[in-house]
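Novice: See query33.cif below, with mmCIF, C-alpha atoms.
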data_query
#
loop_
_atom_site.group_PDB
_atom_site.id
_atom_site.type_symbol
_atom_site.label_atom_id
_atom_site.label_comp_id
_atom_site.auth_asym_id
_atom_site.auth_seq_id
_atom_site.Cartn_x
_atom_site.Cartn_y
_atom_site.Cartn_z
ATOM 1 C CA MET A 253 -191.277 -70.298 14.298
ATOM 2 C CA PRO A 254 -191.384 -67.395 11.805
ATOM 3 C CA ARG A 255 -193.804 -64.586 12.536
ATOM 4 C CA ALA A 256 -196.770 -64.292 10.175
ATOM 5 C CA ARG A 257 -196.706 -61.031 8.238
ATOM 6 C CA PRO A 258 -200.017 -59.591 7.098
ATOM 7 C CA ARG A 259 -200.517 -59.220 3.362
ATOM 8 C CA ASP A 260 -200.260 -55.758 1.901
ATOM 9 C CA LEU A 261 -203.590 -54.102 1.178
ATOM 10 C CA ILE A 262 -204.136 -52.025 -1.943
ATOM 11 C CA VAL A 263 -207.397 -50.151 -2.401
ATOM 12 C CA LEU A 264 -208.522 -48.654 -5.704
ATOM 13 C CA CYS A 265 -211.529 -46.389 -5.112
ATOM 14 C CA ASP A 266 -213.816 -45.196 -7.910
ATOM 15 C CA ILE A 267 -214.553 -41.471 -7.519
ATOM 16 C CA SER A 268 -216.641 -41.091 -10.682
ATOM 17 C CA GLY A 269 -220.056 -39.430 -10.766
ATOM 18 C CA SER A 270 -221.971 -42.686 -10.278
ATOM 19 C CA MET A 271 -219.997 -43.386 -7.081
ATOM 20 C CA GLU A 272 -220.422 -39.885 -5.611
ATOM 21 C CA PRO A 273 -222.864 -41.018 -2.869
ATOM 22 C CA TYR A 274 -220.283 -43.544 -1.608
ATOM 23 C CA ALA A 275 -216.827 -42.208 -2.502
ATOM 24 C CA ARG A 276 -216.503 -39.558 0.217
ATOM 25 C CA ALA A 277 -217.477 -42.009 2.970
ATOM 26 C CA MET A 278 -215.091 -44.617 1.570
ATOM 27 C CA LEU A 279 -212.243 -42.104 1.481
ATOM 28 C CA GLN A 280 -212.758 -41.433 5.168
ATOM 29 C CA LEU A 281 -212.328 -45.135 5.796
ATOM 30 C CA LEU A 282 -209.341 -45.249 3.442
ATOM 31 C CA TYR A 283 -207.696 -42.433 5.373
ATOM 32 C CA CYS A 284 -207.380 -44.932 8.230
ATOM 33 C CA ALA A 285 -206.188 -47.687 5.887
ATOM 34 C CA ALA A 286 -203.493 -45.458 4.383
ATOM 35 C CA ARG A 287 -202.068 -44.810 7.809
ATOM 36 C CA ALA A 288 -201.658 -48.564 8.372
ATOM 37 C CA ALA A 289 -198.204 -49.957 7.701
ATOM 38 C CA HIS A 290 -199.057 -52.088 4.671
ATOM 39 C CA ALA A 291 -201.848 -50.205 2.884
ATOM 40 C CA GLU A 292 -201.824 -48.202 -0.352
ATOM 41 C CA VAL A 293 -204.754 -46.096 -1.567
ATOM 42 C CA PHE A 294 -205.518 -45.022 -5.131
ATOM 43 C CA THR A 295 -208.506 -43.284 -6.664
ATOM 44 C CA PHE A 296 -209.689 -43.509 -10.235
ATOM 45 C CA ALA A 297 -212.328 -42.156 -12.570
ATOM 46 C CA THR A 298 -210.696 -41.097 -15.836
ATOM 47 C CA ARG A 299 -207.157 -41.434 -14.453
ATOM 48 C CA LEU A 300 -205.335 -43.219 -11.646
ATOM 49 C CA THR A 301 -204.157 -41.165 -8.657
ATOM 50 C CA ARG A 302 -202.033 -42.494 -5.804
ATOM 51 C CA LEU A 303 -203.325 -40.921 -2.583
ATOM 52 C CA THR A 304 -201.280 -42.754 0.053
ATOM 53 C CA PRO A 305 -198.680 -39.991 0.601
ATOM 54 C CA VAL A 306 -201.407 -37.326 0.867
ATOM 55 C CA LEU A 307 -203.488 -39.359 3.318
ATOM 56 C CA ARG A 308 -200.517 -40.244 5.512
ATOM 57 C CA ARG A 309 -199.227 -36.681 5.925
ATOM 58 C CA ALA A 310 -202.067 -34.789 7.560
ATOM 59 C CA GLY A 311 -204.997 -34.960 9.938
ATOM 60 C CA PRO A 312 -208.276 -36.370 8.595
ATOM 61 C CA ASP A 313 -209.947 -33.128 7.503
ATOM 62 C CA ASP A 314 -206.848 -31.717 5.829
ATOM 63 C CA ALA A 315 -205.980 -35.075 4.227
ATOM 64 C CA LEU A 316 -209.427 -35.434 2.672
ATOM 65 C CA ALA A 317 -209.354 -31.851 1.372
ATOM 66 C CA ARG A 318 -205.917 -32.466 -0.169
ATOM 67 C CA ALA A 319 -207.125 -35.729 -1.673
ATOM 68 C CA GLY A 320 -209.894 -33.836 -3.447
ATOM 69 C CA ARG A 321 -207.333 -31.435 -4.935
ATOM 70 C CA VAL A 322 -204.893 -34.186 -5.965
ATOM 71 C CA ALA A 323 -207.593 -36.180 -7.796
ATOM 72 C CA PRO A 324 -208.989 -33.679 -10.337
ATOM 73 C CA ASP A 325 -211.238 -36.244 -12.042
ATOM 74 C CA TRP A 326 -213.633 -36.331 -9.060
ATOM 75 C CA SER A 327 -217.236 -36.980 -10.201
ATOM 76 C CA GLY A 328 -216.184 -37.371 -13.822
ATOM 77 C CA GLY A 329 -216.618 -40.315 -16.151
ATOM 78 C CA THR A 330 -215.164 -43.748 -15.567
ATOM 79 C CA ARG A 331 -212.456 -45.570 -17.483
ATOM 80 C CA ILE A 332 -211.829 -48.531 -15.205
ATOM 81 C CA ALA A 333 -209.904 -50.613 -17.756
ATOM 82 C CA ASP A 334 -207.546 -47.724 -18.597
ATOM 83 C CA CYS A 335 -206.907 -47.008 -14.913
ATOM 84 C CA LEU A 336 -206.310 -50.701 -14.149
ATOM 85 C CA ALA A 337 -203.934 -50.889 -17.121
ATOM 86 C CA GLU A 338 -201.923 -48.010 -15.663
ATOM 87 C CA PHE A 339 -201.978 -49.618 -12.209
ATOM 88 C CA ASN A 340 -200.881 -52.977 -13.634
ATOM 89 C CA GLU A 341 -198.031 -51.356 -15.579
ATOM 90 C CA ARG A 342 -196.729 -49.096 -12.834
ATOM 91 C CA PHE A 343 -197.531 -50.983 -9.630
ATOM 92 C CA GLY A 344 -198.750 -54.470 -10.522
ATOM 93 C CA ARG A 345 -196.512 -57.214 -11.767
ATOM 94 C CA ARG A 346 -193.149 -56.031 -10.425
ATOM 95 C CA GLY A 347 -194.438 -53.857 -7.653
ATOM 96 C CA MET A 348 -196.748 -53.547 -4.755
ATOM 97 C CA ALA A 349 -199.612 -55.721 -6.055
ATOM 98 C CA HIS A 350 -197.517 -58.900 -6.093
ATOM 99 C CA GLY A 351 -198.984 -61.115 -3.361
ATOM 100 C CA ALA A 352 -201.214 -58.341 -2.000
ATOM 101 C CA VAL A 353 -204.926 -58.200 -1.302
ATOM 102 C CA VAL A 354 -206.423 -55.742 -3.800
ATOM 103 C CA ALA A 355 -209.812 -54.173 -3.108
ATOM 104 C CA ILE A 356 -211.581 -52.331 -5.918
ATOM 105 C CA ILE A 357 -214.400 -50.070 -4.755
ATOM 106 C CA SER A 358 -216.663 -49.404 -7.731
ATOM 107 C CA ASP A 359 -220.146 -49.934 -9.108
ATOM 108 C CA GLY A 360 -218.626 -51.279 -12.325
ATOM 109 C CA TRP A 361 -219.997 -48.546 -14.598
ATOM 110 C CA ASP A 362 -217.343 -48.095 -17.268
ATOM 111 C CA THR A 363 -217.196 -46.243 -20.574
ATOM 112 C CA GLY A 364 -214.611 -48.606 -22.012
ATOM 113 C CA ALA A 365 -214.904 -51.960 -23.708
ATOM 114 C CA PRO A 366 -215.794 -54.827 -21.328
ATOM 115 C CA ALA A 367 -213.142 -57.028 -22.987
ATOM 116 C CA ASP A 368 -210.457 -54.501 -22.020
ATOM 117 C CA LEU A 369 -211.604 -54.568 -18.406
ATOM 118 C CA ALA A 370 -211.593 -58.375 -18.415
ATOM 119 C CA THR A 371 -208.020 -58.346 -19.762
ATOM 120 C CA GLN A 372 -206.810 -55.979 -17.031
ATOM 121 C CA MET A 373 -208.637 -57.884 -14.289
ATOM 122 C CA ALA A 374 -207.035 -61.124 -15.506
ATOM 123 C CA ARG A 375 -203.589 -59.474 -15.327
ATOM 124 C CA LEU A 376 -204.275 -58.195 -11.827
ATOM 125 C CA SER A 377 -205.649 -61.509 -10.575
ATOM 126 C CA ARG A 378 -202.463 -63.298 -11.680
ATOM 127 C CA VAL A 379 -200.230 -61.197 -9.418
ATOM 128 C CA ALA A 380 -202.510 -60.363 -6.481
ATOM 129 C CA TYR A 381 -203.118 -62.856 -3.710
ATOM 130 C CA ARG A 382 -206.780 -61.886 -3.608
ATOM 131 C CA VAL A 383 -209.040 -59.489 -5.529
ATOM 132 C CA VAL A 384 -212.096 -58.180 -3.679
ATOM 133 C CA TRP A 385 -214.647 -56.016 -5.489
ATOM 134 C CA VAL A 386 -216.644 -53.676 -3.261
ATOM 135 C CA ASN A 387 -219.848 -52.604 -5.013
ATOM 136 C CA PRO A 388 -222.251 -50.655 -2.779
ATOM 137 C CA ARG A 389 -225.084 -51.302 -5.235
ATOM 138 C CA THR A 390 -225.047 -55.061 -4.566
ATOM 139 C CA ALA A 391 -226.909 -54.388 -1.305
ATOM 140 C CA SER A 392 -230.198 -54.159 -3.193
ATOM 141 C CA PRO A 393 -232.077 -57.481 -3.403
ATOM 142 C CA ARG A 394 -232.890 -56.555 -7.022
ATOM 143 C CA TYR A 395 -229.224 -56.100 -7.960
ATOM 144 C CA ARG A 396 -227.968 -58.109 -10.931
ATOM 145 C CA PRO A 397 -224.499 -57.644 -12.466
ATOM 146 C CA LEU A 398 -225.940 -56.340 -15.736
ATOM 147 C CA VAL A 399 -223.512 -53.435 -16.075
ATOM 148 C CA ALA A 400 -221.000 -54.635 -18.662
ATOM 149 C CA GLY A 401 -217.961 -53.602 -16.625
ATOM 150 C CA MET A 402 -219.130 -55.446 -13.528
ATOM 151 C CA ALA A 403 -220.019 -58.545 -15.553
ATOM 152 C CA ALA A 404 -216.560 -58.496 -17.178
ATOM 153 C CA ALA A 405 -214.797 -58.165 -13.810
ATOM 154 C CA LEU A 406 -216.710 -60.841 -11.861
ATOM 155 C CA PRO A 407 -214.822 -63.920 -13.101
ATOM 156 C CA TYR A 408 -211.579 -62.456 -11.728
ATOM 157 C CA CYS A 409 -212.869 -61.531 -8.260
ATOM 158 C CA ASP A 410 -212.327 -63.728 -5.247
ATOM 159 C CA ALA A 411 -215.231 -62.003 -3.507
ATOM 160 C CA VAL A 412 -217.814 -59.284 -4.072
ATOM 161 C CA VAL A 413 -219.210 -57.355 -1.093
ATOM 162 C CA SER A 414 -221.393 -54.279 -0.736
ATOM 163 C CA ALA A 415 -219.914 -52.219 2.156
ATOM 164 C CA HIS A 416 -222.905 -49.878 1.806
ATOM 165 C CA ASN A 417 -223.311 -49.338 5.572
ATOM 166 C CA LEU A 418 -221.479 -49.995 8.849
ATOM 167 C CA ALA A 419 -222.811 -53.535 9.206
ATOM 168 C CA ALA A 420 -221.695 -54.392 5.675
ATOM 169 C CA LEU A 421 -218.230 -52.989 6.394
ATOM 170 C CA GLY A 422 -217.809 -55.937 8.746
ATOM 171 C CA ASP A 423 -218.361 -58.269 5.789
ATOM 172 C CA PHE A 424 -215.756 -56.318 3.837
ATOM 173 C CA THR A 425 -213.105 -56.630 6.544
ATOM 174 C CA ALA A 426 -213.847 -60.347 6.990
ATOM 175 C CA VAL A 427 -213.446 -60.964 3.261
ATOM 176 C CA LEU A 428 -210.100 -59.146 3.229
ATOM 177 C CA SER A 429 -208.605 -61.728 5.573
ATOM 178 C CA ALA A 430 -210.302 -64.831 4.134
ATOM 179 C CA PRO A 431 -208.247 -67.400 2.233
ATOM 180 C CA ARG A 432 -207.900 -67.070 -1.508
ATOM 181 C CA ARG A 433 -210.601 -68.717 -3.620
ATOM 182 C CA ARG A 434 -209.331 -70.803 -6.510
ATOM 183 C CA ARG A 435 -210.285 -69.251 -9.822
#
Show how you would write the structure in this file as structure tokens.

Specialist:
Amino acid sequence: MPRARPRDLIVLCDISGSMEPYARAMLQLLYCAARAAHAEVFTFATRLTRLTPVLRRAGPDDALARAGRVAPDWSGGTRIADCLAEFNERFGRRGMAHGAVVAIISDGWDTGAPADLATQMARLSRVAYRVVWVNPRTASPRYRPLVAGMAAALPYCDAVVSAHNLAALGDFTAVLSAPRRRR
């Protein structure tokens, strides 16, 4: 009987100003993910930055300091659609996203056109096995996906989780291994 191989995990983490309260904590978690055999870590705000090599090379404190230097758009604006377009072109269809579980950590605030984000999410959802959106703001009982970027992305997500605290991180890890939802 063939051995089951886990799906690759790709994490795209929003490091824009609106995600500042969450991004540093998420990067600490992603440090561990990057050291796993089948995980890739990217950050984005106004540009896409691949952090996997930086996170794999050093101890946690040094890796996180280097990550901050490698991603110069920390706490800037957000162009999710542009960053997803770059990811889809460089790493998506022919590359690492094919058949992978892709987690996008973002509150969905975007300065671009919602239609552009929807287009890029559709492209990503066609090649990825599963797309999980991690939005720490969904933890609030008053949360509604009124932000245009989040509303545009929702139809292409297999799951949306909050991961705003340790208990919610358990939901996030459970969703990563769940079967794909039919879109």

Novice: Would you kindly return, as a VMD selection string, each protein, DNA or RNA residue with an atom no farther than 8 Å from any atom of Ala370 of chain A, considering all atoms listed in the file and excluding same-chain residues fewer than 6 positions away?

Specialist: chain A and resid 333 404 to 405 408

Novice: Using 5 Å of padding on each side, determine the axis-aligned box around all atoms of segment 285-296 of chain A present in the file and give its centre and edge lengths in Å to one decimal, as AutoDock Vina command-line options.

Specialist:
--center_x -203.9 --center_y -47.7 --center_z -0.9 --size_x 21.5 --size_y 18.8 --size_z 28.6

Novice: What residues come out when you apply the PyMOL selection byres ((chain A and resi 407) around 12) to this file, written as an NGL selection string?

Specialist: :A and (369-374 or 377 or 383-385 or 397 or 401-406 or 408-412 or 433-435)

Novice: Applied to the shown file, which residues does the PyMOL selection byres ((chain A and resi 320) around 12) return, written as an MDAnalysis selection string?

Specialist: chainID A and resid 267 275:276 279:280 295:296 301:303 306:307 313:319 321:327

Novice: Using atom CA of Thr390 of chain A and atom CA of Leu300 of chain A as the two end points, give the distance in Å to one decimal.

Specialist: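 Computing the Euclidean distance for atom CA of Thr390 of chain A and atom CA of Leu300 of chain A yields 24.1 Å.
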
Novice: Let me make sure I understand: among A:Val293, A:Ala349, A:Val427, A:Ala415, which one has the smallest atom-to-atom distance to Ala277 of chain A if we use only C-alpha atoms?

Specialist: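 Looking only at the distances to Ala277 of chain A, the closest residue turns out to be A:Ala415.
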
Novice: May I ask for the distance between atom CA of Val399 of chain A and atom CA of Leu264 of chain A, given in Å to one decimal place?

Specialist: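 Going from atom CA of Val399 of chain A over to atom CA of Leu264 of chain A, I get 18.8 Å.
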
Novice: Would you kindly translate the PyMOL selection byres ((chain A and resi 380) around 10) into the concrete residues it picks from this file, as a PyMOL selection string?

Specialist: chain A and resi 260-262+344-345+348-354+375-379+381-383+432

Novice: Create the file for the chosen residues now, containing C-alpha atoms and written as a PDB file, in the frame of the given file.

Specialist:
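What landed in out.pdb:
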ATOM      1  CA  ASP A 260    -200.260 -55.758   1.901  1.00  0.00           C
ATOM      2  CA  LEU A 261    -203.590 -54.102   1.178  1.00  0.00           C
ATOM      3  CA  ILE A 262    -204.136 -52.025  -1.943  1.00  0.00           C
ATOM      4  CA  GLY A 344    -198.750 -54.470 -10.522  1.00  0.00           C
ATOM      5  CA  ARG A 345    -196.512 -57.214 -11.767  1.00  0.00           C
ATOM      6  CA  MET A 348    -196.748 -53.547  -4.755  1.00  0.00           C
ATOM      7  CA  ALA A 349    -199.612 -55.721  -6.055  1.00  0.00           C
ATOM      8  CA  HIS A 350    -197.517 -58.900  -6.093  1.00  0.00           C
ATOM      9  CA  GLY A 351    -198.984 -61.115  -3.361  1.00  0.00           C
ATOM     10  CA  ALA A 352    -201.214 -58.341  -2.000  1.00  0.00           C
ATOM     11  CA  VAL A 353    -204.926 -58.200  -1.302  1.00  0.00           C
ATOM     12  CA  VAL A 354    -206.423 -55.742  -3.800  1.00  0.00           C
ATOM     13  CA  ARG A 375    -203.589 -59.474 -15.327  1.00  0.00           C
ATOM     14  CA  LEU A 376    -204.275 -58.195 -11.827  1.00  0.00           C
ATOM     15  CA  SER A 377    -205.649 -61.509 -10.575  1.00  0.00           C
ATOM     16  CA  ARG A 378    -202.463 -63.298 -11.680  1.00  0.00           C
ATOM     17  CA  VAL A 379    -200.230 -61.197  -9.418  1.00  0.00           C
ATOM     18  CA  TYR A 381    -203.118 -62.856  -3.710  1.00  0.00           C
ATOM     19  CA  ARG A 382    -206.780 -61.886  -3.608  1.00  0.00           C
ATOM     20  CA  VAL A 383    -209.040 -59.489  -5.529  1.00  0.00           C
ATOM     21  CA  ARG A 432    -207.900 -67.070  -1.508  1.00  0.00           C
TER      22      ARG A 432
END

Novice: How many Å lie between atom CA of Glu272 of chain A and atom CA of Pro312 of chain A, rounded to one decimal?

Specialist: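 Spanning atom CA of Glu272 of chain A to atom CA of Pro312 of chain A is a straight-line distance of 19.0 Å.
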